[in-house]
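> Below is a structure I'd like to ask you about.
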Amino acid sequence: MRFALLALLAKGPAHGYELKQALESRLGAAYPQLNIGQVYVTLTRLEKSGLIRGQDVEQAGRPNKRTYELTPAGHEAVAAWLEDASDEPRVRDEFFMKLALAGDTGLADPVGLINKQRRHYLNLMRAMSRLAGVDQPGNPFPRLLVEGAVLHLQADLDWLEKCQEELE
């Protein structure tokens, strides 16, 4: 979440709740809702590390709110993050670990695990399909997020088929 907050602050100063709302609006309902407490914890860490600076703003009849802005170091960090390629394909997959070890334990049948995981992925795909119908005019990112998730799920389902063919 730290780089997402830095990227949002590249547009200009904001307080924590504004950042939470901006990210949720940008990514849509398919993206897990942010915990506002985690947002503020992350902002505090970013401030301590010198990537952002906070300033208390007085509000009439209300507690002060703290707004944050990027420092030059924060600007450099978010620029570098945007330039870097994202993580490699996942090879540390919990399901794969279960699948690889299940037969040795005698506690689970690998093909049974595959079938259970397939049902889970199909349920997730149905949920994503429902979200795909929610469109935000002028903001393609929620739709693109859902489409990407569905494509990943389809690839995972195809991979499960390969696993089952190998193990039967």
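Numbering starts fresh at 1 for the residues of each chain in the structure tokens, the chains themselves are lettered A, B, ... in the order given, and ligands are numbered from 1 as they appear.
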Once DSSP has gone over the backbone, tell me which residues of region 5-162 of chain A are in helix (DSSP H, G or I), as a PyMOL selection string.

chain A and resi 5-9+16-27+36-48+72-83+94-105+110-132+141-162

> Report as a tab-separated table: every residue of region 46-159 of chain A with an atom at most 7 Å from region 26-30 of chain A, its closest pair of atoms, and their distance in Å to one decimal, counting only C-alpha atoms, with rows sorted by chain and ascending residue number.


```
residue	atom	partner	partner_atom	distance
A:Leu131	CA	A:Ala30	CA	6.5
A:Phe141	CA	A:Leu27	CA	5.8
A:Pro142	CA	A:Gly28	CA	4.6
A:Val146	CA	A:Ala30	CA	6.4
```

> From the options A:Ala100, A:Met125, A:Leu160, A:Met1, which residue's atoms come nearest to Val41 (chain A), counting only C-alpha atoms?

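The answer is A:Met1, which sits nearest to Val41 (chain A).
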
> List as a list in words the protein and nucleic acid residues near Asn123 (chain A), meaning an atom at most 12 Å away when only C-alpha atoms are counted, but skip any in the same chain fewer than 5 places from it.

Lys116, Gln117, Arg118, Met128, Ser129, Arg130, Val150, Leu153, Gln154 and Leu157 of chain A

> Since we have the selection now, will you write its residues out, keeping N, CA, C and O atoms, as a PDB file, in the first residue's frame?


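Resulting contents of selection.pdb:
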```pdb
ATOM      1  N   LYS A 116     -11.373 -29.388  -5.061  1.00  0.00           N
ATOM      2  CA  LYS A 116     -11.817 -28.365  -4.108  1.00  0.00           C
ATOM      3  C   LYS A 116     -11.344 -26.979  -4.556  1.00  0.00           C
ATOM      4  O   LYS A 116     -12.096 -26.003  -4.514  1.00  0.00           O
ATOM      5  N   GLN A 117     -10.083 -26.897  -4.986  1.00  0.00           N
ATOM      6  CA  GLN A 117      -9.542 -25.617  -5.447  1.00  0.00           C
ATOM      7  C   GLN A 117     -10.257 -25.156  -6.707  1.00  0.00           C
ATOM      8  O   GLN A 117     -10.534 -23.965  -6.864  1.00  0.00           O
ATOM      9  N   ARG A 118     -10.592 -26.086  -7.596  1.00  0.00           N
ATOM     10  CA  ARG A 118     -11.321 -25.739  -8.823  1.00  0.00           C
ATOM     11  C   ARG A 118     -12.686 -25.122  -8.465  1.00  0.00           C
ATOM     12  O   ARG A 118     -13.073 -24.096  -9.025  1.00  0.00           O
ATOM     13  N   MET A 128     -16.521 -12.459  -9.585  1.00  0.00           N
ATOM     14  CA  MET A 128     -15.890 -11.455 -10.441  1.00  0.00           C
ATOM     15  C   MET A 128     -16.801 -11.087 -11.609  1.00  0.00           C
ATOM     16  O   MET A 128     -16.870  -9.923 -12.003  1.00  0.00           O
ATOM     17  N   SER A 129     -17.499 -12.061 -12.144  1.00  0.00           N
ATOM     18  CA  SER A 129     -18.404 -11.799 -13.273  1.00  0.00           C
ATOM     19  C   SER A 129     -19.517 -10.847 -12.860  1.00  0.00           C
ATOM     20  O   SER A 129     -19.929  -9.988 -13.636  1.00  0.00           O
ATOM     21  N   ARG A 130     -19.999 -10.989 -11.633  1.00  0.00           N
ATOM     22  CA  ARG A 130     -21.026 -10.055 -11.146  1.00  0.00           C
ATOM     23  C   ARG A 130     -20.462  -8.644 -11.054  1.00  0.00           C
ATOM     24  O   ARG A 130     -21.138  -7.676 -11.368  1.00  0.00           O
ATOM     25  N   VAL A 150     -10.214 -12.273 -13.716  1.00  0.00           N
ATOM     26  CA  VAL A 150     -10.887 -13.386 -14.406  1.00  0.00           C
ATOM     27  C   VAL A 150      -9.891 -14.140 -15.282  1.00  0.00           C
ATOM     28  O   VAL A 150      -9.889 -15.381 -15.302  1.00  0.00           O
ATOM     29  N   LEU A 153      -7.760 -16.235 -13.052  1.00  0.00           N
ATOM     30  CA  LEU A 153      -8.525 -17.398 -12.588  1.00  0.00           C
ATOM     31  C   LEU A 153      -8.641 -18.445 -13.691  1.00  0.00           C
ATOM     32  O   LEU A 153      -8.515 -19.641 -13.424  1.00  0.00           O
ATOM     33  N   GLN A 154      -8.875 -18.004 -14.913  1.00  0.00           N
ATOM     34  CA  GLN A 154      -8.971 -18.957 -16.025  1.00  0.00           C
ATOM     35  C   GLN A 154      -7.644 -19.685 -16.228  1.00  0.00           C
ATOM     36  O   GLN A 154      -7.619 -20.898 -16.443  1.00  0.00           O
ATOM     37  N   LEU A 157      -7.356 -22.228 -13.526  1.00  0.00           N
ATOM     38  CA  LEU A 157      -8.206 -23.389 -13.817  1.00  0.00           C
ATOM     39  C   LEU A 157      -7.549 -24.290 -14.865  1.00  0.00           C
ATOM     40  O   LEU A 157      -7.571 -25.522 -14.736  1.00  0.00           O
TER      41      LEU A 157
END
```

> Excluding same-chain residues fewer than 4 positions from Lys98 (chain A), what lies within 10 Å of it counting only C-alpha atoms, as a list in words?

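Counting only C-alpha atoms, the residues come to Asp93, Glu94, Ala102, Gly103, Thr105, Ala108, Pro110, Leu113 and Ile114 of chain A.
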
> Would you output that residue set with N, CA, C and O atoms, as a CSV table (one decimal), in the first residue's frame?


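For reference, again09.csv as written:
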```csv
chain,number,residue,atom,x,y,z
A,93,ASP,N,3.4,-20.5,-4.1
A,93,ASP,CA,1.9,-20.6,-4.1
A,93,ASP,C,1.5,-21.5,-3.0
A,93,ASP,O,2.0,-22.7,-2.9
A,94,GLU,N,0.6,-21.1,-2.1
A,94,GLU,CA,0.2,-22.0,-1.0
A,94,GLU,C,-0.5,-23.2,-1.4
A,94,GLU,O,-0.3,-24.3,-0.9
A,102,ALA,N,0.6,-33.1,0.0
A,102,ALA,CA,-0.6,-33.8,0.5
A,102,ALA,C,-0.4,-35.3,0.4
A,102,ALA,O,-0.8,-36.0,1.4
A,103,GLY,N,0.1,-35.8,-0.7
A,103,GLY,CA,0.3,-37.3,-0.8
A,103,GLY,C,1.2,-37.8,0.2
A,103,GLY,O,0.9,-38.9,0.7
A,105,THR,N,1.6,-36.8,3.3
A,105,THR,CA,1.0,-36.7,4.6
A,105,THR,C,0.0,-37.8,4.9
A,105,THR,O,-0.2,-38.2,6.0
A,108,ALA,N,-4.7,-36.1,2.9
A,108,ALA,CA,-5.5,-35.5,1.8
A,108,ALA,C,-5.1,-36.1,0.5
A,108,ALA,O,-3.9,-36.5,0.2
A,110,PRO,N,-4.5,-35.6,-3.4
A,110,PRO,CA,-4.1,-34.5,-4.2
A,110,PRO,C,-5.2,-34.2,-5.3
A,110,PRO,O,-5.5,-33.0,-5.5
A,113,LEU,N,-7.9,-32.3,-3.5
A,113,LEU,CA,-7.5,-30.9,-3.3
A,113,LEU,C,-7.7,-30.1,-4.6
A,113,LEU,O,-8.1,-29.0,-4.6
A,114,ILE,N,-7.3,-30.7,-5.7
A,114,ILE,CA,-7.5,-30.0,-7.0
A,114,ILE,C,-9.0,-29.7,-7.3
A,114,ILE,O,-9.3,-28.6,-7.6
```

> Just the residues within 9 Å of Leu46 (chain A), please, counting only C-alpha atoms, with nothing from its chain fewer than 4 positions along; format it as a list of chain:residue names.

A:Arg2, A:Leu6, A:Val41, A:Thr42, A:Gly50, A:Leu51, A:Ile52, A:Arg53, A:Gly74

> Write out, as a JSON list (two decimals), in the first residue's frame, the residues just selected, with N, CA and C atoms.


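Ended up saving to part36.json:
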```
[["chain", "number", "residue", "atom", "x", "y", "z"],
["A", 2, "ARG", "N", 2.10, 1.14, 0.44],
["A", 2, "ARG", "CA", 2.91, 2.35, 0.58],
["A", 2, "ARG", "C", 3.12, 3.06, -0.75],
["A", 6, "LEU", "N", 1.93, 6.80, -2.03],
["A", 6, "LEU", "CA", 2.89, 7.76, -2.60],
["A", 6, "LEU", "C", 2.42, 8.24, -3.98],
["A", 41, "VAL", "N", -1.35, 4.09, 9.59],
["A", 41, "VAL", "CA", -0.09, 3.47, 10.03],
["A", 41, "VAL", "C", 0.95, 3.59, 8.92],
["A", 42, "THR", "N", 0.53, 3.32, 7.69],
["A", 42, "THR", "CA", 1.45, 3.41, 6.55],
["A", 42, "THR", "C", 1.91, 4.85, 6.35],
["A", 50, "GLY", "N", 10.90, 9.65, 5.74],
["A", 50, "GLY", "CA", 11.27, 10.83, 4.98],
["A", 50, "GLY", "C", 10.71, 10.90, 3.57],
["A", 51, "LEU", "N", 9.75, 10.02, 3.25],
["A", 51, "LEU", "CA", 9.17, 10.03, 1.90],
["A", 51, "LEU", "C", 7.99, 10.99, 1.77],
["A", 52, "ILE", "N", 7.36, 11.31, 2.89],
["A", 52, "ILE", "CA", 6.29, 12.31, 2.91],
["A", 52, "ILE", "C", 6.48, 13.21, 4.12],
["A", 53, "ARG", "N", 5.81, 14.34, 4.09],
["A", 53, "ARG", "CA", 5.81, 15.22, 5.25],
["A", 53, "ARG", "C", 4.35, 15.55, 5.57],
["A", 74, "GLY", "N", 10.37, 11.11, -1.64],
["A", 74, "GLY", "CA", 9.15, 10.38, -1.94],
["A", 74, "GLY", "C", 8.83, 10.41, -3.42]]
```

> Using only C-alpha atoms, which residue out of A:Asn35, A:Pro137, A:Phe3, A:Val57 lies closest to Asp84 (chain A)?

A:Phe3

> How many Å lie between CA of Leu122 (chain A) and CA of Asp87 (chain A), rounded to one decimal?

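Atom-to-atom, CA of Leu122 (chain A) to CA of Asp87 (chain A), that is 25.3 Å.
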
> So that I can check the surroundings of Leu23 (chain A), please list as a list in words every protein, DNA and RNA residue that reaches within 9 Å of it, counting only C-alpha atoms and ignoring chain neighbours fewer than 2 positions away.

Ala4, Leu5, Leu8, Glu18, Leu19, Lys20, Gln21, Ser25, Arg26, Leu27, Gly28 and Leu34 of chain A

> The selected residues should be written to file as a short mmCIF file (atom, residue, chain, number, x, y, z; two decimals), in the first residue's frame (atoms: all heavy atoms).


```cif
data_model
loop_
_atom_site.label_atom_id
_atom_site.label_comp_id
_atom_site.auth_asym_id
_atom_site.auth_seq_id
_atom_site.Cartn_x
_atom_site.Cartn_y
_atom_site.Cartn_z
N ALA A 4 1.22 2.85 -3.43
CA ALA A 4 -0.07 3.38 -3.90
C ALA A 4 -0.34 4.73 -3.25
O ALA A 4 -0.78 5.68 -3.92
CB ALA A 4 -1.19 2.40 -3.58
N LEU A 5 -0.07 4.84 -1.96
CA LEU A 5 -0.28 6.12 -1.27
C LEU A 5 0.68 7.18 -1.80
O LEU A 5 0.28 8.33 -2.01
CB LEU A 5 -0.11 5.95 0.24
CG LEU A 5 -1.17 5.07 0.92
CD1 LEU A 5 -0.83 4.86 2.39
CD2 LEU A 5 -2.57 5.64 0.75
N LEU A 8 -0.62 8.40 -5.13
CA LEU A 8 -1.76 9.32 -4.97
C LEU A 8 -1.28 10.70 -4.50
O LEU A 8 -1.80 11.73 -4.94
CB LEU A 8 -2.77 8.75 -3.98
CG LEU A 8 -3.57 7.55 -4.48
CD1 LEU A 8 -4.35 6.92 -3.34
CD2 LEU A 8 -4.49 7.95 -5.62
N GLU A 18 -9.03 10.93 2.48
CA GLU A 18 -9.08 11.27 1.05
C GLU A 18 -8.30 10.26 0.21
O GLU A 18 -8.74 9.87 -0.87
CB GLU A 18 -8.49 12.67 0.80
CG GLU A 18 -9.35 13.81 1.26
CD GLU A 18 -8.65 15.15 1.13
OE1 GLU A 18 -7.42 15.23 1.37
OE2 GLU A 18 -9.34 16.12 0.79
N LEU A 19 -7.15 9.84 0.72
CA LEU A 19 -6.34 8.85 0.00
C LEU A 19 -7.06 7.51 -0.08
O LEU A 19 -7.08 6.87 -1.14
CB LEU A 19 -4.99 8.69 0.70
CG LEU A 19 -4.09 9.92 0.66
CD1 LEU A 19 -2.93 9.77 1.64
CD2 LEU A 19 -3.59 10.19 -0.75
N LYS A 20 -7.69 7.09 1.01
CA LYS A 20 -8.46 5.85 1.02
C LYS A 20 -9.58 5.91 -0.02
O LYS A 20 -9.75 5.01 -0.82
CB LYS A 20 -9.03 5.61 2.42
CG LYS A 20 -9.92 4.37 2.54
CD LYS A 20 -10.56 4.31 3.93
CE LYS A 20 -11.38 3.09 4.21
NZ LYS A 20 -12.38 2.71 3.26
N GLN A 21 -10.33 7.00 0.01
CA GLN A 21 -11.44 7.16 -0.95
C GLN A 21 -10.95 7.21 -2.39
O GLN A 21 -11.55 6.61 -3.28
CB GLN A 21 -12.23 8.43 -0.63
CG GLN A 21 -13.11 8.31 0.58
CD GLN A 21 -13.93 9.56 0.79
OE1 GLN A 21 -13.40 10.69 0.75
NE2 GLN A 21 -15.22 9.39 1.01
N SER A 25 -12.03 4.46 -5.10
CA SER A 25 -12.76 4.95 -6.27
C SER A 25 -12.04 4.55 -7.56
O SER A 25 -12.68 4.14 -8.54
CB SER A 25 -12.90 6.47 -6.19
OG SER A 25 -13.44 6.98 -7.38
N ARG A 26 -10.75 4.65 -7.54
CA ARG A 26 -9.96 4.34 -8.73
C ARG A 26 -10.00 2.86 -9.07
O ARG A 26 -10.05 2.48 -10.24
CB ARG A 26 -8.51 4.78 -8.49
CG ARG A 26 -7.66 4.76 -9.71
CD ARG A 26 -8.06 5.89 -10.60
NE ARG A 26 -7.05 6.08 -11.62
CZ ARG A 26 -7.31 6.69 -12.75
NH1 ARG A 26 -8.49 7.19 -12.98
NH2 ARG A 26 -6.37 6.81 -13.64
N LEU A 27 -9.98 1.99 -8.05
CA LEU A 27 -9.88 0.55 -8.28
C LEU A 27 -11.23 -0.17 -8.28
O LEU A 27 -11.32 -1.28 -8.78
CB LEU A 27 -8.95 -0.08 -7.25
CG LEU A 27 -7.52 0.46 -7.29
CD1 LEU A 27 -6.69 -0.18 -6.20
CD2 LEU A 27 -6.89 0.27 -8.65
N GLY A 28 -12.24 0.42 -7.71
CA GLY A 28 -13.58 -0.18 -7.75
C GLY A 28 -13.80 -1.25 -6.69
O GLY A 28 -12.95 -1.53 -5.84
N LEU A 34 -9.87 -0.87 1.77
CA LEU A 34 -8.74 -0.56 2.63
C LEU A 34 -9.20 -0.33 4.07
O LEU A 34 -10.27 0.23 4.30
CB LEU A 34 -8.03 0.71 2.14
CG LEU A 34 -7.43 0.66 0.75
CD1 LEU A 34 -6.87 2.02 0.38
CD2 LEU A 34 -6.35 -0.39 0.67
#
```

> Kindly give the distance, in Å, that separates CA of Glu69 (chain A) and CA of Glu83 (chain A), rounded to a single decimal.

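These atoms are spaced 20.8 Å apart.
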
> For Gln164 (chain A), which residue among A:Ala22, A:Ala77, A:Ala10, A:Val111 is the nearest when counting only C-alpha atoms?

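Ranked by minimum distance to Gln164 (chain A), first place goes to A:Val111.
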
> With a distance cut-off of 10 Å and only C-alpha atoms, select the neighbouring residues of Gln55 (chain A), excluding the residue or stretch itself and same-chain residues fewer than 4 positions from it, and output the selection as number ranges by chain.

A: 13, 15, 64-69

> Please compute the CA of Pro72 (chain A)-CA of Gln33 (chain A) distance, one decimal, in Å.

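Separation of CA of Pro72 (chain A) and CA of Gln33 (chain A): 29.2 Å.
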